[in-house]
Every structure is written in C-alpha cells, then in structure tokens.
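Coordinates from entry26.pdb are shown below (PDB, C-alpha atoms).
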```
MODEL        1
ATOM      1  CA  VAL A   1       0.000   0.000   0.000
ATOM      2  CA  ILE A   2       2.839   2.399   0.847
ATOM      3  CA  ALA A   3       4.615   1.621  -2.420
ATOM      4  CA  VAL A   4       1.476   2.123  -4.515
ATOM      5  CA  ALA A   5       0.620   5.409  -2.790
ATOM      6  CA  SER A   6       4.170   6.671  -3.239
ATOM      7  CA  LEU A   7       4.131   5.629  -6.893
ATOM      8  CA  ILE A   8       0.943   7.641  -7.391
ATOM      9  CA  PHE A   9       2.636  10.636  -5.739
ATOM     10  CA  SER A  10       5.634  10.226  -8.076
ATOM     11  CA  ILE A  11       3.465  10.051 -11.184
ATOM     12  CA  SER A  12       1.442  13.068 -10.087
ATOM     13  CA  LEU A  13       4.636  15.168  -9.944
ATOM     14  CA  LEU A  14       5.518  14.481 -13.583
ATOM     15  CA  PRO A  15       3.257  17.174 -15.119
ATOM     16  CA  GLN A  16       4.664  19.811 -12.753
ATOM     17  CA  ILE A  17       8.258  18.804 -13.497
ATOM     18  CA  TYR A  18       7.580  18.825 -17.243
ATOM     19  CA  HIS A  19       5.858  22.223 -17.018
ATOM     20  CA  GLY A  20       8.865  23.681 -15.187
ATOM     21  CA  PHE A  21      11.387  22.399 -17.733
ATOM     22  CA  LYS A  22       9.235  23.372 -20.705
ATOM     23  CA  ASN A  23       8.603  26.934 -19.517
ATOM     24  CA  LYS A  24      11.973  27.390 -17.756
ATOM     25  CA  ILE A  25      10.339  28.334 -14.465
ATOM     26  CA  GLY A  26      10.619  27.097 -10.909
ATOM     27  CA  PRO A  27       7.191  27.724  -9.422
ATOM     28  CA  ILE A  28       7.644  25.652  -6.245
ATOM     29  CA  ASN A  29       8.892  27.549  -3.182
ATOM     30  CA  PHE A  30      12.129  26.466  -1.473
ATOM     31  CA  LEU A  31      10.326  26.183   1.864
ATOM     32  CA  THR A  32       8.088  23.566   0.280
ATOM     33  CA  SER A  33      10.537  21.575  -1.829
ATOM     34  CA  VAL A  34      13.568  21.304   0.478
ATOM     35  CA  PRO A  35      11.876  19.804   3.555
ATOM     36  CA  THR A  36       9.749  17.567   1.341
ATOM     37  CA  PHE A  37      12.599  15.947  -0.599
ATOM     38  CA  LEU A  38      14.761  15.613   2.530
ATOM     39  CA  ALA A  39      11.947  13.987   4.511
ATOM     40  CA  LEU A  40      11.135  11.621   1.638
ATOM     41  CA  TYR A  41      14.765  10.514   1.398
ATOM     42  CA  VAL A  42      14.791   9.860   5.153
ATOM     43  CA  MET A  43      11.559   7.887   4.826
ATOM     44  CA  ALA A  44      13.063   5.850   1.969
ATOM     45  CA  PHE A  45      16.041   5.013   4.177
ATOM     46  CA  VAL A  46      13.716   3.944   6.992
ATOM     47  CA  TYR A  47      11.789   1.720   4.584
ATOM     48  CA  VAL A  48      15.050   0.045   3.540
ATOM     49  CA  THR A  49      15.880  -0.672   7.198
ATOM     50  CA  LEU A  50      12.441  -2.262   7.531
ATOM     51  CA  THR A  51      13.091  -4.322   4.352
ATOM     52  CA  LEU A  52      10.238  -2.562   2.536
ATOM     53  CA  TYR A  53      12.238  -2.284  -0.662
ATOM     54  CA  TYR A  54       9.420  -1.427  -3.067
ATOM     55  CA  ALA A  55       8.165   1.305  -0.745
ATOM     56  CA  ALA A  56      11.724   2.585  -0.362
ATOM     57  CA  PHE A  57      12.224   2.718  -4.129
ATOM     58  CA  THR A  58       8.974   4.501  -4.888
ATOM     59  CA  THR A  59       9.478   6.932  -2.002
ATOM     60  CA  PHE A  60      12.972   7.632  -3.311
ATOM     61  CA  LEU A  61      11.432   8.366  -6.731
ATOM     62  CA  THR A  62       8.991  10.807  -5.155
ATOM     63  CA  GLY A  63      11.842  12.483  -3.266
ATOM     64  CA  THR A  64      13.787  12.789  -6.500
ATOM     65  CA  GLY A  65      10.789  14.459  -8.145
ATOM     66  CA  TRP A  66      10.740  17.039  -5.360
ATOM     67  CA  LEU A  67      14.510  17.441  -5.718
ATOM     68  CA  LEU A  68      13.991  18.223  -9.410
ATOM     69  CA  LEU A  69      11.398  20.848  -8.487
ATOM     70  CA  PHE A  70      13.919  22.367  -6.062
ATOM     71  CA  LEU A  71      16.596  22.412  -8.775
ATOM     72  CA  GLN A  72      14.215  24.064 -11.225
ATOM     73  CA  ARG A  73      13.512  26.828  -8.733
ATOM     74  CA  TRP A  74      17.210  27.300  -7.995
ATOM     75  CA  LEU A  75      18.482  27.174 -11.593
ATOM     76  CA  TYR A  76      15.753  29.157 -13.323
ATOM     77  CA  ASN A  77      15.631  31.897 -10.673
ATOM     78  CA  LYS A  78      19.409  32.188 -10.921
ATOM     79  CA  LYS A  79      19.178  32.672 -14.720
ATOM     80  CA  ASN A  80      16.379  35.215 -14.426
ATOM     81  CA  LYS A  81      18.443  37.398 -12.043
ATOM     82  CA  ILE A  82      21.317  37.734 -14.526
TER      83      ILE A  82
ENDMDL
END
```
Transcribe the structure of this file into structure tokens.
Amino acid sequence: VIAVASLIFSISLLPQIYHGFKNKIGPINFLTSVPTFLALYVMAFVYVTLTLYYAAFTTFLTGTGWLLLFLQRWLYNKKNKI
C-alpha cells in the first residue's frame, strides 16, 4: 500500500516537473521543496531498514521528483536574475 501510494505521488509530480522544464520556471517555493525531498529521502532510508524495498524505491522516486522541483527553482531563478 505504501509503495502504490508513493508511486501515485511520483506520477502526479511528472506534469509539474515537465511544465517547469518546458517553460523554464521554478514555481515551487524552497520552503516547500527542500523539507519535502529531505523527509522523503529519510523515509526511503527507513523503509530500507524495515526491508520494505518497493516502498523505499517509490518513495525515493517521489523524493527525486521534489529534488527536481527544487533544482528548477534554484536554476531558473538564478538565470532570471542575470
């Protein structure tokens, strides 16, 4: 159940990630993306220690999606300030 829910979360991030890359914008705030991707990576580690490997993998994917949203915000805002 955890793995399926996390997979749904990962898939639901794809349109936002695509929109950011396509339009060269980073619409997600740092105060949203940073704690979210860090917490998801910690949760993935905890799932590994509990031998919940599928849940760990899908949670890691979701964390990586949030990391990409963070990077979009950082990179595109940096370019816009120049």
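If you apply the PyMOL selection byres ((chain A and resi 65) around 8) to this structure, you end up with Ser10, Leu13, Leu14, Ile17, Phe37, Leu61, Thr62, Gly63, Thr64, Trp66, Leu67, Leu68 and Leu69 of chain A.
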Could you write out that same residue set with C-alpha atoms as a short mmCIF file (atom, residue, chain, number, x, y, z; two decimals), keeping the file's coordinate frame?
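Wrote it out as part15.cif, contents follow:
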```cif
data_model
loop_
_atom_site.label_atom_id
_atom_site.label_comp_id
_atom_site.auth_asym_id
_atom_site.auth_seq_id
_atom_site.Cartn_x
_atom_site.Cartn_y
_atom_site.Cartn_z
CA SER A 10 5.63 10.23 -8.08
CA LEU A 13 4.64 15.17 -9.94
CA LEU A 14 5.52 14.48 -13.58
CA ILE A 17 8.26 18.80 -13.50
CA PHE A 37 12.60 15.95 -0.60
CA LEU A 61 11.43 8.37 -6.73
CA THR A 62 8.99 10.81 -5.16
CA GLY A 63 11.84 12.48 -3.27
CA THR A 64 13.79 12.79 -6.50
CA TRP A 66 10.74 17.04 -5.36
CA LEU A 67 14.51 17.44 -5.72
CA LEU A 68 13.99 18.22 -9.41
CA LEU A 69 11.40 20.85 -8.49
#
```
Practice problem: Could you give me, as a ChimeraX atom specification, the residues that have an atom at most 12 Å away from the point (13.0, 10.9, 3.6) in the coordinates of the file, using all atoms listed in the file? | Solution: /A:6,34-48,55-64,66-67
Output as JSON the centre and edge lengths (Å, one decimal) of the box along x, y and z of the file that holds every listed atom of segment 4-12 of chain A after adding 3 Å on each side.
```
{"center_x": 3.1, "center_y": 7.6, "center_z": -7.0, "size_x": 11.0, "size_y": 16.9, "size_z": 14.4}
```
Quiz item: How would you write, as a list of chain:residue names, the residues chosen by the PyMOL selection byres ((chain A and resi 29) around 12) on this structure?
Solution: A:Ile25, A:Gly26, A:Pro27, A:Ile28, A:Phe30, A:Leu31, A:Thr32, A:Ser33, A:Val34, A:Pro35, A:Thr36, A:Trp66, A:Leu67, A:Leu69, A:Phe70, A:Leu71, A:Gln72, A:Arg73, A:Trp74, A:Asn77
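Between atom CA of Val4 of chain A and atom CA of Tyr18 of chain A there is a distance of 21.9 Å.
Atom CA of Phe21 of chain A is found 10.5 Å from atom CA of Leu75 of chain A.
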